[in-house]
Amino acid sequence: MELSAAIANRRSIRKFKPDQVSDDDIKAILAAARLAPSGSNLQPSRYVVIKSPEAKARLAEYTLPFVTKAPVIIVCCTDSQVWSTALARWTELQAAGAFSDNPLDVEKILEYKQRNPLDPETAKAYAWLNAAIAIDHMTLTAFDLGLGSCWIGILDRQKIKTMLELDDRYDVVALLPVGYPDQQPAARPRLAMSELLLKEL
Ligand SMILES: Cc1cc2nc3c(=O)[nH]c(=O)nc-3n(C[C@H](O)[C@H](O)[C@H](O)COP(=O)(O)O)c2cc1C
């Protein structure tokens with residue numbers, strides 16, 4: 001499918017057929033998330049895949065009812081410990097030649113980063129920003145595979161984290177129910193382009 005068609009025709013799906021999603025499709029969706037860009041290639045996103053009726057029944061207590069009716073739910077998380085490997089990720093980027101045509105004063109950048117570490121709130125927002133890009137890759141890939149999904153921000157993150165026995169280093173960002181759509185929604189309203197475009201200089 002053309003990317004432009006996927007962007008234009010993807011919808012948030014809130015009603016799923018009971019048909020199972022293949023493991024290959026789940027793998028393809030996660031593979032798309034893996035390829036998403038991230039700041040300084042930090043790659044903070046982590047996932048839990050929920051398929052079992054038992055886990056879904058427990059998850060149902062902490063989110064919207066339709067979510068756990070999907071055959072698969074991807075719990076989208078971030079790992080706060082990626083900051084400890086930030087230098088390694090940066091060095092890999094450099095070794096891969098990411099900056100070879102635009103030489104950077106790496107020493108200066110690293111020195112600046114060390115002198116100005118992000119405060120915890122900004123670091124968390126930065127990790128979530130990266131997670132969001134990966135989630136969007138997943139919604140578009142699901143659509144490309146004939147599947148539906150819906151980004152879920154209404155959830156009890158702390159209770160889900162406890163339920164999944166996730167270490168404190170992980171943050172639950174969003175849920176992504178995935179399944180075959182049992183509805184064909186029309187395009188949802190969007191602001192006019194004239195409202196988005198503040199200036200052209
Ligand atoms: C950050 C974010 C959080 C969202 N949270 C929810 C949610 O908790 N429940 C829900 O039904 N839809 C949720 N949505 C889906 C939006 O309602 C939906 O994307 C929007 O209405 C546009 O519809 P469309 O995705 O079909 O184009 C969320 C979307 C985003 C990006």
# chains A, B, ... in the order shown; residues from 1 in each chain; ligands from 1
>>> residues_near_ligand(ligand="ligand 1", cutoff="10 Å", atoms="only C-alpha atoms and all ligand atoms", output="number ranges by chain")
A: 7-14, 63-67, 132, 135-136, 139, 149-155, 173-176, 185-190
>>> residues_around(residues="Leu35 (chain A)", least_positions_apart="5", cutoff="12 Å", atoms="only C-alpha atoms", output="PDB file with N, CA and C atoms, in the first residue's frame")
ATOM      1  N   ALA A  28       5.487  -8.211  12.488  1.00  0.00           N
ATOM      2  CA  ALA A  28       5.663  -7.131  11.501  1.00  0.00           C
ATOM      3  C   ALA A  28       5.336  -5.772  12.131  1.00  0.00           C
ATOM      4  N   ILE A  29       4.326  -5.754  12.991  1.00  0.00           N
ATOM      5  CA  ILE A  29       3.940  -4.493  13.649  1.00  0.00           C
ATOM      6  C   ILE A  29       5.060  -4.040  14.593  1.00  0.00           C
ATOM      7  N   LEU A  30       5.601  -4.986  15.355  1.00  0.00           N
ATOM      8  CA  LEU A  30       6.687  -4.631  16.278  1.00  0.00           C
ATOM      9  C   LEU A  30       7.966  -4.266  15.512  1.00  0.00           C
ATOM     10  N   ASN A  41      19.097   8.327  18.592  1.00  0.00           N
ATOM     11  CA  ASN A  41      18.939   6.860  18.462  1.00  0.00           C
ATOM     12  C   ASN A  41      18.842   6.177  19.833  1.00  0.00           C
ATOM     13  N   GLN A  43      16.250   4.941  21.397  1.00  0.00           N
ATOM     14  CA  GLN A  43      15.426   3.722  21.331  1.00  0.00           C
ATOM     15  C   GLN A  43      14.856   3.317  22.692  1.00  0.00           C
ATOM     16  N   SER A  45      11.682   2.663  23.535  1.00  0.00           N
ATOM     17  CA  SER A  45      10.393   1.951  23.574  1.00  0.00           C
ATOM     18  C   SER A  45      10.557   0.468  23.873  1.00  0.00           C
ATOM     19  N   ASN A 130       9.438   9.872  21.793  1.00  0.00           N
ATOM     20  CA  ASN A 130       9.988   8.814  20.935  1.00  0.00           C
ATOM     21  C   ASN A 130       9.041   7.620  20.847  1.00  0.00           C
ATOM     22  N   ALA A 131       8.414   7.275  21.971  1.00  0.00           N
ATOM     23  CA  ALA A 131       7.460   6.155  21.979  1.00  0.00           C
ATOM     24  C   ALA A 131       6.293   6.455  21.031  1.00  0.00           C
ATOM     25  N   ILE A 133       6.232   8.109  18.272  1.00  0.00           N
ATOM     26  CA  ILE A 133       6.570   7.902  16.853  1.00  0.00           C
ATOM     27  C   ILE A 133       6.471   6.406  16.527  1.00  0.00           C
ATOM     28  N   ALA A 134       6.985   5.595  17.455  1.00  0.00           N
ATOM     29  CA  ALA A 134       6.943   4.136  17.239  1.00  0.00           C
ATOM     30  C   ALA A 134       5.490   3.648  17.212  1.00  0.00           C
ATOM     31  N   ILE A 135       4.657   4.212  18.062  1.00  0.00           N
ATOM     32  CA  ILE A 135       3.243   3.795  18.088  1.00  0.00           C
ATOM     33  C   ILE A 135       2.580   4.152  16.754  1.00  0.00           C
ATOM     34  N   ASP A 136       2.909   5.306  16.222  1.00  0.00           N
ATOM     35  CA  ASP A 136       2.322   5.686  14.934  1.00  0.00           C
ATOM     36  C   ASP A 136       2.779   4.731  13.820  1.00  0.00           C
ATOM     37  N   HIS A 137       4.044   4.339  13.869  1.00  0.00           N
ATOM     38  CA  HIS A 137       4.522   3.335  12.898  1.00  0.00           C
ATOM     39  C   HIS A 137       3.670   2.068  13.016  1.00  0.00           C
ATOM     40  N   MET A 138       3.339   1.698  14.250  1.00  0.00           N
ATOM     41  CA  MET A 138       2.571   0.456  14.447  1.00  0.00           C
ATOM     42  C   MET A 138       1.145   0.599  13.925  1.00  0.00           C
ATOM     43  N   THR A 141       1.277   0.366  10.152  1.00  0.00           N
ATOM     44  CA  THR A 141       1.616  -0.987   9.684  1.00  0.00           C
ATOM     45  C   THR A 141       0.436  -1.928   9.882  1.00  0.00           C
TER      46      THR A 141
END
>>> select_by_dssp(residues="region 67-178 of chain A", states="alpha helix (DSSP H)", output="ChimeraX atom specification")
/A:86-95,106-115,120-144,157-163
>>> closest_residue(among="A:Ser80, A:Ser4, A:Asp24, A:Lys108", to="Thr122 (chain A)", atoms="only C-alpha atoms")
A:Ser80
>>> closest_residue(among="A:Arg46, A:Phe99, A:Asp105, A:Lys51", to="Ala31 (chain A)", atoms="only C-alpha atoms")
A:Arg46
>>> residues_around(residues="Glu61 (chain A)", least_positions_apart="6", cutoff="10 Å", atoms="only C-alpha atoms", output="list in words")
Thr68, Leu155, Asp156, Lys159 and Ile160 of chain A
>>> atom_distance(atom1="CA of Leu93 (chain A)", atom2="CA of Pro120 (chain A)")
24.3 Å
>>> atom_distance(atom1="CA of Lys15 (chain A)", atom2="CA of Gly146 (chain A)")
14.1 Å
>>> atom_distance(atom1="CA of Ile73 (chain A)", atom2="CA of Phe16 (chain A)")
11.7 Å
>>> residues_around(residues="Val21 (chain A)", least_positions_apart="5", cutoff="9 Å", atoms="only C-alpha atoms", output="MDAnalysis selection string")
chainID A and resid 26 71:72 147 178:180
>>> write_last_selection(atoms="N, CA, C and O atoms", output="compact mmCIF listing (two decimals), in the first residue's frame")
# COMPACT_ATOMS: atom_id res chain seq x y z
N ILE A 26 1.93 -9.76 14.12
CA ILE A 26 2.36 -9.07 15.35
C ILE A 26 3.85 -8.72 15.23
O ILE A 26 4.27 -7.60 15.56
N PRO A 71 -8.17 -9.09 19.85
CA PRO A 71 -7.41 -10.33 20.04
C PRO A 71 -6.00 -10.11 20.62
O PRO A 71 -5.49 -10.96 21.33
N VAL A 72 -5.42 -8.96 20.31
CA VAL A 72 -4.07 -8.67 20.80
C VAL A 72 -4.04 -7.25 21.35
O VAL A 72 -4.63 -6.33 20.76
N LEU A 147 -5.36 -4.79 9.33
CA LEU A 147 -5.79 -4.82 10.73
C LEU A 147 -6.20 -3.43 11.19
O LEU A 147 -5.86 -2.43 10.55
N VAL A 178 -5.18 -4.48 18.86
CA VAL A 178 -5.02 -4.77 17.42
C VAL A 178 -5.91 -5.95 17.06
O VAL A 178 -5.93 -6.97 17.77
N GLY A 179 -6.62 -5.83 15.95
CA GLY A 179 -7.45 -6.93 15.47
C GLY A 179 -8.07 -6.57 14.13
O GLY A 179 -7.87 -5.47 13.62
N TYR A 180 -8.84 -7.54 13.59
CA TYR A 180 -9.52 -7.24 12.32
C TYR A 180 -10.72 -6.35 12.61
O TYR A 180 -11.53 -6.65 13.51
>>> select_by_dssp(residues="region 23-107 of chain A", states="strand (DSSP E)", output="PyMOL selection string")
chain A and resi 45-50+72-79
>>> residues_around(residues="Ser40 (chain A)", least_positions_apart="2", cutoff="8 Å", atoms="only C-alpha atoms", output="ChimeraX atom specification")
/A:38,42,86,89-90,93
>>> write_last_selection(atoms="all heavy atoms", output="PDB file, in the first residue's frame")
ATOM      1  N   SER A  38      14.463   7.787  16.664  1.00  0.00           N
ATOM      2  CA  SER A  38      14.412   8.280  18.049  1.00  0.00           C
ATOM      3  C   SER A  38      15.562   9.261  18.249  1.00  0.00           C
ATOM      4  O   SER A  38      16.578   9.178  17.569  1.00  0.00           O
ATOM      5  CB  SER A  38      14.497   7.123  19.049  1.00  0.00           C
ATOM      6  OG  SER A  38      15.726   6.450  18.914  1.00  0.00           O
ATOM      7  N   LEU A  42      18.185   6.872  20.766  1.00  0.00           N
ATOM      8  CA  LEU A  42      18.074   6.404  22.148  1.00  0.00           C
ATOM      9  C   LEU A  42      17.264   5.115  22.264  1.00  0.00           C
ATOM     10  O   LEU A  42      17.514   4.281  23.132  1.00  0.00           O
ATOM     11  CB  LEU A  42      17.406   7.524  22.967  1.00  0.00           C
ATOM     12  CG  LEU A  42      17.462   7.476  24.472  1.00  0.00           C
ATOM     13  CD1 LEU A  42      18.897   7.477  24.973  1.00  0.00           C
ATOM     14  CD2 LEU A  42      16.694   8.663  25.051  1.00  0.00           C
ATOM     15  N   ALA A  86      22.984   5.956  26.660  1.00  0.00           N
ATOM     16  CA  ALA A  86      22.861   7.016  25.646  1.00  0.00           C
ATOM     17  C   ALA A  86      24.192   7.242  24.909  1.00  0.00           C
ATOM     18  O   ALA A  86      24.207   7.410  23.689  1.00  0.00           O
ATOM     19  CB  ALA A  86      22.371   8.306  26.293  1.00  0.00           C
ATOM     20  N   ARG A  89      24.752   4.516  22.372  1.00  0.00           N
ATOM     21  CA  ARG A  89      23.888   4.684  21.188  1.00  0.00           C
ATOM     22  C   ARG A  89      24.442   5.790  20.294  1.00  0.00           C
ATOM     23  O   ARG A  89      24.465   5.691  19.067  1.00  0.00           O
ATOM     24  CB  ARG A  89      22.455   5.036  21.614  1.00  0.00           C
ATOM     25  CG  ARG A  89      21.706   3.995  22.421  1.00  0.00           C
ATOM     26  CD  ARG A  89      21.317   2.800  21.575  1.00  0.00           C
ATOM     27  NE  ARG A  89      22.380   1.829  21.462  1.00  0.00           N
ATOM     28  CZ  ARG A  89      22.710   0.952  22.415  1.00  0.00           C
ATOM     29  NH1 ARG A  89      22.019   0.890  23.526  1.00  0.00           N
ATOM     30  NH2 ARG A  89      23.712   0.127  22.236  1.00  0.00           N
ATOM     31  N   TRP A  90      24.906   6.851  20.912  1.00  0.00           N
ATOM     32  CA  TRP A  90      25.453   7.997  20.182  1.00  0.00           C
ATOM     33  C   TRP A  90      26.716   7.579  19.426  1.00  0.00           C
ATOM     34  O   TRP A  90      26.911   7.912  18.252  1.00  0.00           O
ATOM     35  CB  TRP A  90      25.738   9.108  21.219  1.00  0.00           C
ATOM     36  CG  TRP A  90      26.422  10.297  20.680  1.00  0.00           C
ATOM     37  CD1 TRP A  90      27.766  10.520  20.652  1.00  0.00           C
ATOM     38  CD2 TRP A  90      25.799  11.421  20.062  1.00  0.00           C
ATOM     39  NE1 TRP A  90      28.026  11.726  20.059  1.00  0.00           N
ATOM     40  CE2 TRP A  90      26.838  12.299  19.689  1.00  0.00           C
ATOM     41  CE3 TRP A  90      24.486  11.781  19.788  1.00  0.00           C
ATOM     42  CZ2 TRP A  90      26.595  13.507  19.070  1.00  0.00           C
ATOM     43  CZ3 TRP A  90      24.254  12.997  19.164  1.00  0.00           C
ATOM     44  CH2 TRP A  90      25.288  13.843  18.807  1.00  0.00           C
ATOM     45  N   LEU A  93      25.892   5.577  16.414  1.00  0.00           N
ATOM     46  CA  LEU A  93      25.408   6.447  15.335  1.00  0.00           C
ATOM     47  C   LEU A  93      26.574   7.033  14.570  1.00  0.00           C
ATOM     48  O   LEU A  93      26.590   7.056  13.339  1.00  0.00           O
ATOM     49  CB  LEU A  93      24.641   7.626  15.940  1.00  0.00           C
ATOM     50  CG  LEU A  93      23.141   7.625  15.982  1.00  0.00           C
ATOM     51  CD1 LEU A  93      22.655   9.007  16.383  1.00  0.00           C
ATOM     52  CD2 LEU A  93      22.539   7.237  14.645  1.00  0.00           C
TER      53      LEU A  93
END
